[in-house]
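Read the structure below first, then the notes.
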Amino acid sequence: MAMLDHWHPLLLSGELRTKPVGVKVAGQPIAVFRTASGGLGAVEDNCPHRHFKLSAGAVIGDRLQCRYHGWTYDSCGNGESPGTPKLTACAPSFDIQEAHGLIWVKSRFSNAVLPDASMPGYFHLCTLKHTIPAPLELAVDNFNEIEHSGTVHDTFGYDLERMREVKVQYEATDRTVRVVNTGPTKRINWFFGLILNVRNDFIFHDDWTTHFSPVYSVFDHWWTSPDGKRESMLRWRLYIFFVPVDDRTTQVVSVTYAKSRYPGPAGALRLMKWKLRREIDKEIRADCDMLQHLADFDSGIEGLKLSRFDKVMGLTRERIQRIYRGDPTKVPRC
């Protein structure tokens, strides 16, 4: 399979309304649109007539109209000319679905399975989209190690002074990589310490599995007392999807859930939703801000002074290359 053969979450559902939207994945510009009847379409963002961006046009009924000369295209890319009715054209098209509050796109050549980003029994807190100023592999590296939490993050992770006490375990299959970290939690904001019922001597648990069709990681975060008999009031489940925009930029789409031990509907999570959403957004933005200071965008790992926290890098590199990147993609034409 090639990169565009995997499902990619490119937009939040609320971002696609009556106007088309231009997106890019793996360097491929795509115009995504919602028809008047509620259907979805995704075509190459390039009118075959005179190479104008179709995303700059408008949706007329169930067709996407080019703003330049009024040519229109259906969701399969079949085009018609208003001035020369016998003249037709075809824009390459893509499979498109709406699920989990997201708009997903892939090539028409594959039978890839759409990832399940639901979490029964958990309360949905937020779905966010952030832009990482780094290539795919380096963006994945950042989210797939916990060592930087000592200097970058406020709520999740471990103190730099006690990082040596953190235990790291790795489990790998042919198609996944799992990392489990446990160790003394870092001191967190007093407000979150109060509502989470996390004390300074608690243990932070960070357990995630990375998949590669598409590239995404599923994180579970929680805290326990040192003896393991008491658990924090909240557990978190995050789905982090890594979408390569081009060779220097990665879009990160996060879907976050929580489970509460507080009484009542959703364990009072509805009341805290705005605060928790803001904290999640802040923590991901901290990664974005930090990665803009990378001195080198080379995704190779030879010559790097890797620590015990970095073993995952070689595992993910191999699977990204074998499962996700594959052969150069082909875009279907009519």
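Naming scheme: A, B, ... for chains in displayed order of the structure tokens; residues 1 onward per chain; ligands 1 onward as shown.
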>> Need the shell around Thr185 in chain A: protein/DNA/RNA residues with any atom at most 9 Å away, counting only C-alpha atoms. Skip same-chain ones fewer than 2 positions apart. Format as a ChimeraX atom specification?
In response: /A:156-159,162,182-183,187-188,198-205,223
Given the selection you just returned, output its residues as a file containing N, CA, C and O atoms, formatted as a PDB file, in the first residue's frame.
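Result file follows (selection-v2.pdb):
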```pdb
ATOM      1  N   PHE A 156       1.019  16.117  32.025  1.00  0.00           N
ATOM      2  CA  PHE A 156       1.286  14.703  31.805  1.00  0.00           C
ATOM      3  C   PHE A 156       2.792  14.442  31.826  1.00  0.00           C
ATOM      4  O   PHE A 156       3.551  15.170  31.181  1.00  0.00           O
ATOM      5  N   GLY A 157       3.210  13.402  32.540  1.00  0.00           N
ATOM      6  CA  GLY A 157       4.596  12.999  32.439  1.00  0.00           C
ATOM      7  C   GLY A 157       5.333  12.952  33.757  1.00  0.00           C
ATOM      8  O   GLY A 157       4.738  12.805  34.835  1.00  0.00           O
ATOM      9  N   TYR A 158       6.657  13.106  33.663  1.00  0.00           N
ATOM     10  CA  TYR A 158       7.547  12.859  34.784  1.00  0.00           C
ATOM     11  C   TYR A 158       8.497  14.033  34.981  1.00  0.00           C
ATOM     12  O   TYR A 158       8.860  14.726  34.036  1.00  0.00           O
ATOM     13  N   ASP A 159       8.925  14.230  36.227  1.00  0.00           N
ATOM     14  CA  ASP A 159       9.898  15.275  36.531  1.00  0.00           C
ATOM     15  C   ASP A 159      11.253  14.900  35.947  1.00  0.00           C
ATOM     16  O   ASP A 159      11.663  13.731  35.993  1.00  0.00           O
ATOM     17  N   ARG A 162      13.634  13.087  38.246  1.00  0.00           N
ATOM     18  CA  ARG A 162      13.337  11.690  38.600  1.00  0.00           C
ATOM     19  C   ARG A 162      13.112  10.818  37.365  1.00  0.00           C
ATOM     20  O   ARG A 162      12.604   9.709  37.481  1.00  0.00           O
ATOM     21  N   THR A 182       5.990   3.744  33.413  1.00  0.00           N
ATOM     22  CA  THR A 182       5.474   3.952  34.762  1.00  0.00           C
ATOM     23  C   THR A 182       6.564   4.600  35.602  1.00  0.00           C
ATOM     24  O   THR A 182       7.742   4.236  35.502  1.00  0.00           O
ATOM     25  N   GLY A 183       6.174   5.579  36.421  1.00  0.00           N
ATOM     26  CA  GLY A 183       7.151   6.244  37.268  1.00  0.00           C
ATOM     27  C   GLY A 183       6.512   7.352  38.059  1.00  0.00           C
ATOM     28  O   GLY A 183       5.325   7.684  37.877  1.00  0.00           O
ATOM     29  N   ARG A 187       5.056  17.125  39.380  1.00  0.00           N
ATOM     30  CA  ARG A 187       4.116  17.980  40.104  1.00  0.00           C
ATOM     31  C   ARG A 187       3.209  18.669  39.085  1.00  0.00           C
ATOM     32  O   ARG A 187       3.687  19.248  38.124  1.00  0.00           O
ATOM     33  N   ILE A 188       1.915  18.567  39.304  1.00  0.00           N
ATOM     34  CA  ILE A 188       0.975  19.161  38.365  1.00  0.00           C
ATOM     35  C   ILE A 188       0.251  20.332  39.006  1.00  0.00           C
ATOM     36  O   ILE A 188       0.294  20.516  40.229  1.00  0.00           O
ATOM     37  N   VAL A 198      -4.870  13.586  42.479  1.00  0.00           N
ATOM     38  CA  VAL A 198      -3.505  13.109  42.273  1.00  0.00           C
ATOM     39  C   VAL A 198      -2.599  13.806  43.276  1.00  0.00           C
ATOM     40  O   VAL A 198      -2.545  15.039  43.335  1.00  0.00           O
ATOM     41  N   ARG A 199      -1.866  13.028  44.053  1.00  0.00           N
ATOM     42  CA  ARG A 199      -0.926  13.575  45.028  1.00  0.00           C
ATOM     43  C   ARG A 199       0.491  13.540  44.448  1.00  0.00           C
ATOM     44  O   ARG A 199       0.771  12.852  43.478  1.00  0.00           O
ATOM     45  N   ASN A 200       1.383  14.273  45.092  1.00  0.00           N
ATOM     46  CA  ASN A 200       2.740  14.397  44.564  1.00  0.00           C
ATOM     47  C   ASN A 200       3.517  13.086  44.570  1.00  0.00           C
ATOM     48  O   ASN A 200       4.506  12.952  43.840  1.00  0.00           O
ATOM     49  N   ASP A 201       3.092  12.113  45.382  1.00  0.00           N
ATOM     50  CA  ASP A 201       3.805  10.840  45.431  1.00  0.00           C
ATOM     51  C   ASP A 201       3.182   9.781  44.521  1.00  0.00           C
ATOM     52  O   ASP A 201       3.598   8.618  44.541  1.00  0.00           O
ATOM     53  N   PHE A 202       2.187  10.176  43.708  1.00  0.00           N
ATOM     54  CA  PHE A 202       1.503   9.212  42.853  1.00  0.00           C
ATOM     55  C   PHE A 202       2.399   8.749  41.689  1.00  0.00           C
ATOM     56  O   PHE A 202       3.389   9.391  41.354  1.00  0.00           O
ATOM     57  N   ILE A 203       1.976   7.631  41.097  1.00  0.00           N
ATOM     58  CA  ILE A 203       2.652   7.050  39.932  1.00  0.00           C
ATOM     59  C   ILE A 203       1.852   7.376  38.684  1.00  0.00           C
ATOM     60  O   ILE A 203       0.623   7.188  38.658  1.00  0.00           O
ATOM     61  N   PHE A 204       2.534   7.880  37.667  1.00  0.00           N
ATOM     62  CA  PHE A 204       1.876   8.166  36.389  1.00  0.00           C
ATOM     63  C   PHE A 204       2.075   6.987  35.454  1.00  0.00           C
ATOM     64  O   PHE A 204       3.191   6.471  35.299  1.00  0.00           O
ATOM     65  N   HIS A 205       0.970   6.560  34.828  1.00  0.00           N
ATOM     66  CA  HIS A 205       0.998   5.439  33.890  1.00  0.00           C
ATOM     67  C   HIS A 205       0.725   5.959  32.480  1.00  0.00           C
ATOM     68  O   HIS A 205      -0.277   6.640  32.245  1.00  0.00           O
ATOM     69  N   TRP A 223      -3.273   7.794  36.865  1.00  0.00           N
ATOM     70  CA  TRP A 223      -2.374   7.864  38.007  1.00  0.00           C
ATOM     71  C   TRP A 223      -2.853   6.887  39.079  1.00  0.00           C
ATOM     72  O   TRP A 223      -4.049   6.628  39.214  1.00  0.00           O
TER      73      TRP A 223
END
```
>> What's around Gly83 in chain A at 12 Å? Count only C-alpha atoms, leave out sequence neighbours fewer than 6 positions away in its own chain, and write the answer as a list in words.
In response: His49, His69, Gly70, Trp71 and Thr72 of chain A
Include all heavy atoms and write out the residues we just selected as a short mmCIF file (atom, residue, chain, number, x, y, z; two decimals), in the first residue's frame.
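Wrote selection-v4.cif, looks like this:
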```cif
data_model
loop_
_atom_site.label_atom_id
_atom_site.label_comp_id
_atom_site.auth_asym_id
_atom_site.auth_seq_id
_atom_site.Cartn_x
_atom_site.Cartn_y
_atom_site.Cartn_z
N HIS A 49 -9.41 21.75 -16.93
CA HIS A 49 -9.58 22.69 -18.03
C HIS A 49 -8.40 23.67 -18.12
O HIS A 49 -7.69 23.70 -19.12
CB HIS A 49 -10.90 23.46 -17.83
CG HIS A 49 -11.12 24.56 -18.83
ND1 HIS A 49 -11.64 25.79 -18.45
CD2 HIS A 49 -10.87 24.65 -20.15
CE1 HIS A 49 -11.71 26.57 -19.52
NE2 HIS A 49 -11.25 25.90 -20.57
N HIS A 69 -14.10 29.22 -14.97
CA HIS A 69 -14.94 29.18 -16.16
C HIS A 69 -16.26 28.42 -15.98
O HIS A 69 -16.97 28.20 -16.94
CB HIS A 69 -14.17 28.53 -17.33
CG HIS A 69 -12.92 29.28 -17.70
ND1 HIS A 69 -11.67 28.90 -17.24
CD2 HIS A 69 -12.73 30.39 -18.47
CE1 HIS A 69 -10.75 29.73 -17.72
NE2 HIS A 69 -11.37 30.65 -18.46
N GLY A 70 -16.54 28.00 -14.74
CA GLY A 70 -17.84 27.40 -14.47
C GLY A 70 -17.96 25.92 -14.77
O GLY A 70 -19.07 25.38 -14.71
N TRP A 71 -16.87 25.25 -15.10
CA TRP A 71 -16.94 23.80 -15.28
C TRP A 71 -17.39 23.18 -13.96
O TRP A 71 -17.03 23.66 -12.87
CB TRP A 71 -15.59 23.23 -15.68
CG TRP A 71 -15.18 23.53 -17.10
CD1 TRP A 71 -15.15 24.74 -17.72
CD2 TRP A 71 -14.73 22.58 -18.07
NE1 TRP A 71 -14.72 24.63 -19.02
CE2 TRP A 71 -14.44 23.31 -19.26
CE3 TRP A 71 -14.53 21.21 -18.06
CZ2 TRP A 71 -13.97 22.69 -20.42
CZ3 TRP A 71 -14.06 20.59 -19.20
CH2 TRP A 71 -13.80 21.33 -20.38
N THR A 72 -18.15 22.09 -14.04
CA THR A 72 -18.64 21.43 -12.82
C THR A 72 -18.21 19.98 -12.79
O THR A 72 -18.06 19.33 -13.83
CB THR A 72 -20.17 21.52 -12.70
OG1 THR A 72 -20.77 20.84 -13.82
CG2 THR A 72 -20.63 22.97 -12.65
#
```
>> Ranking A:Gly101, A:Pro184, A:Gly267, A:Pro20 by minimum distance to Ile60 in chain A and counting only C-alpha atoms, which one comes first?
In response: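 Closest candidate: A:Pro20.
Here the DSSP assignment of strand (DSSP E), based on backbone atoms, applies within range 71-146 of chain A to A:Thr72, A:Tyr73, A:Asn78, A:Gly79, A:Glu80, A:Thr88, A:Ala89, A:Cys90, A:Asp95, A:Ile96, A:Gln97, A:Glu98, A:Ala99, A:Leu102, A:Ile103, A:Trp104, A:Val105, A:Lys106, A:Phe123, A:His124, A:Leu125, A:Cys126, A:Thr127, A:Leu128, A:Lys129, A:His130, A:Thr131, A:Ile132.
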Would you mind exporting C-alpha atoms of the selected residues as a PDB file, in the first residue's frame?
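Final file, selection05.pdb:
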```
ATOM      1  CA  THR A  72     -18.635  21.434 -12.823  1.00  0.00           C
ATOM      2  CA  TYR A  73     -17.581  18.071 -11.359  1.00  0.00           C
ATOM      3  CA  ASN A  78     -16.724  13.656 -14.000  1.00  0.00           C
ATOM      4  CA  GLY A  79     -16.610  17.166 -15.461  1.00  0.00           C
ATOM      5  CA  GLU A  80     -18.842  19.149 -17.793  1.00  0.00           C
ATOM      6  CA  THR A  88     -15.948  16.628 -20.955  1.00  0.00           C
ATOM      7  CA  ALA A  89     -13.095  16.246 -18.495  1.00  0.00           C
ATOM      8  CA  CYS A  90     -12.260  14.165 -15.464  1.00  0.00           C
ATOM      9  CA  ASP A  95     -12.825   7.794  -1.463  1.00  0.00           C
ATOM     10  CA  ILE A  96     -14.313   9.910   1.318  1.00  0.00           C
ATOM     11  CA  GLN A  97     -16.214   9.133   4.529  1.00  0.00           C
ATOM     12  CA  GLU A  98     -17.492  10.991   7.573  1.00  0.00           C
ATOM     13  CA  ALA A  99     -17.060   9.226  10.913  1.00  0.00           C
ATOM     14  CA  LEU A 102     -14.060  13.760  11.086  1.00  0.00           C
ATOM     15  CA  ILE A 103     -13.828  13.792   7.285  1.00  0.00           C
ATOM     16  CA  TRP A 104     -11.618  10.917   6.056  1.00  0.00           C
ATOM     17  CA  VAL A 105     -10.047  10.541   2.612  1.00  0.00           C
ATOM     18  CA  LYS A 106      -8.048   7.821   0.839  1.00  0.00           C
ATOM     19  CA  PHE A 123     -17.031  10.618  27.586  1.00  0.00           C
ATOM     20  CA  HIS A 124     -15.883  12.507  24.486  1.00  0.00           C
ATOM     21  CA  LEU A 125     -14.031  15.650  25.560  1.00  0.00           C
ATOM     22  CA  CYS A 126     -12.815  17.135  22.298  1.00  0.00           C
ATOM     23  CA  THR A 127     -11.510  16.615  18.783  1.00  0.00           C
ATOM     24  CA  LEU A 128      -8.677  18.963  17.871  1.00  0.00           C
ATOM     25  CA  LYS A 129      -6.396  19.645  14.924  1.00  0.00           C
ATOM     26  CA  HIS A 130      -2.868  21.038  15.166  1.00  0.00           C
ATOM     27  CA  THR A 131      -0.070  21.679  12.699  1.00  0.00           C
ATOM     28  CA  ILE A 132       3.366  20.323  13.574  1.00  0.00           C
TER      29      ILE A 132
END
```
> Taking the backbone alone, and naming residues the way the document does, which bits of range 26-248 of chain A are alpha helix (DSSP H) by DSSP, as JSON, numbers by chain?
Replying inline: {"A": [136, 137, 138, 139, 140, 141, 142, 143, 149, 150, 151, 152, 190, 191, 192, 193, 194, 195, 196]}
Residue subset to file, keeping N, CA and C atoms, as an mmCIF file, in the first residue's frame:
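Result written to selection-v4.cif:
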```
data_model
loop_
_atom_site.group_PDB
_atom_site.id
_atom_site.type_symbol
_atom_site.label_atom_id
_atom_site.label_comp_id
_atom_site.auth_asym_id
_atom_site.auth_seq_id
_atom_site.Cartn_x
_atom_site.Cartn_y
_atom_site.Cartn_z
ATOM 1 N N LEU A 136 6.749 13.749 9.077
ATOM 2 C CA LEU A 136 5.956 12.711 9.736
ATOM 3 C C LEU A 136 6.750 11.966 10.804
ATOM 4 N N GLU A 137 7.912 11.415 10.446
ATOM 5 C CA GLU A 137 8.660 10.602 11.400
ATOM 6 C C GLU A 137 9.048 11.387 12.644
ATOM 7 N N LEU A 138 9.431 12.655 12.480
ATOM 8 C CA LEU A 138 9.853 13.445 13.635
ATOM 9 C C LEU A 138 8.667 13.842 14.507
ATOM 10 N N ALA A 139 7.505 14.031 13.891
ATOM 11 C CA ALA A 139 6.293 14.286 14.678
ATOM 12 C C ALA A 139 5.922 13.054 15.492
ATOM 13 N N VAL A 140 6.014 11.883 14.870
ATOM 14 C CA VAL A 140 5.720 10.639 15.581
ATOM 15 C C VAL A 140 6.725 10.428 16.712
ATOM 16 N N ASP A 141 7.999 10.710 16.443
ATOM 17 C CA ASP A 141 9.027 10.576 17.486
ATOM 18 C C ASP A 141 8.647 11.359 18.737
ATOM 19 N N ASN A 142 8.158 12.570 18.546
ATOM 20 C CA ASN A 142 7.844 13.435 19.677
ATOM 21 C C ASN A 142 6.735 12.847 20.547
ATOM 22 N N PHE A 143 5.675 12.382 19.919
ATOM 23 C CA PHE A 143 4.544 11.861 20.685
ATOM 24 C C PHE A 143 4.813 10.452 21.209
ATOM 25 N N SER A 149 8.678 15.031 28.438
ATOM 26 C CA SER A 149 7.637 15.559 29.328
ATOM 27 C C SER A 149 8.244 16.299 30.520
ATOM 28 N N GLY A 150 9.487 15.983 30.860
ATOM 29 C CA GLY A 150 10.127 16.647 31.979
ATOM 30 C C GLY A 150 10.408 18.111 31.731
ATOM 31 N N THR A 151 10.498 18.512 30.443
ATOM 32 C CA THR A 151 10.813 19.905 30.120
ATOM 33 C C THR A 151 9.716 20.611 29.333
ATOM 34 N N VAL A 152 8.832 19.874 28.666
ATOM 35 C CA VAL A 152 7.864 20.482 27.752
ATOM 36 C C VAL A 152 6.459 20.570 28.333
ATOM 37 N N TRP A 190 -2.161 22.735 40.802
ATOM 38 C CA TRP A 190 -2.951 22.406 41.994
ATOM 39 C C TRP A 190 -4.394 22.115 41.657
ATOM 40 N N PHE A 191 -4.949 22.836 40.652
ATOM 41 C CA PHE A 191 -6.352 22.633 40.294
ATOM 42 C C PHE A 191 -6.563 21.216 39.761
ATOM 43 N N PHE A 192 -5.675 20.785 38.863
ATOM 44 C CA PHE A 192 -5.820 19.438 38.312
ATOM 45 C C PHE A 192 -5.490 18.383 39.354
ATOM 46 N N GLY A 193 -4.547 18.695 40.216
ATOM 47 C CA GLY A 193 -4.270 17.756 41.294
ATOM 48 C C GLY A 193 -5.491 17.531 42.169
ATOM 49 N N LEU A 194 -6.261 18.617 42.356
ATOM 50 C CA LEU A 194 -7.464 18.532 43.185
ATOM 51 C C LEU A 194 -8.561 17.739 42.499
ATOM 52 N N ILE A 195 -8.893 18.101 41.250
ATOM 53 C CA ILE A 195 -10.018 17.429 40.593
ATOM 54 C C ILE A 195 -9.653 15.998 40.157
ATOM 55 N N LEU A 196 -8.372 15.747 39.927
ATOM 56 C CA LEU A 196 -7.955 14.395 39.549
ATOM 57 C C LEU A 196 -7.680 13.522 40.765
#
```
>> What's around range 305-320 of chain A at 9 Å? Count only C-alpha atoms, leave out sequence neighbours fewer than 3 positions away in its own chain, and write the answer as a list in words.
In response: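 Once the adjacent positions are removed, what remains is Glu137, Val140, Asp141, Asn144, Glu145, Ile146, Glu147, Val168, Tyr170, Ala172, Asp174, Arg175, Thr176, Val177, Arg178, Val179, Thr210, His211, Phe212, Ser213, Val215, Ser299, Gly300, Ile301, Glu302, Ile323, Tyr324, Arg325 and Gly326 of chain A.
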> In terms of the shortest atom-to-atom distance over only C-alpha atoms, which of A:Val43, A:Val252, A:Leu4, A:Ala258 is closest to Arg237 in chain A?
Replying inline: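 Closest to Arg237 in chain A of all the choices is A:Ala258.
When only C-alpha atoms are used to measure the gap to Gln169 in chain A, the shortest distance among A:Ser232, A:Thr209, A:Gly38, A:Pro226 belongs to A:Thr209.
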>> So, with only C-alpha atoms as the atoms that count, which of A:Ile280, A:Cys47, A:Leu269, A:Ile240 lies closest to Pro115 in chain A?
In response: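 Closest to Pro115 in chain A of all the choices is A:Ile240.
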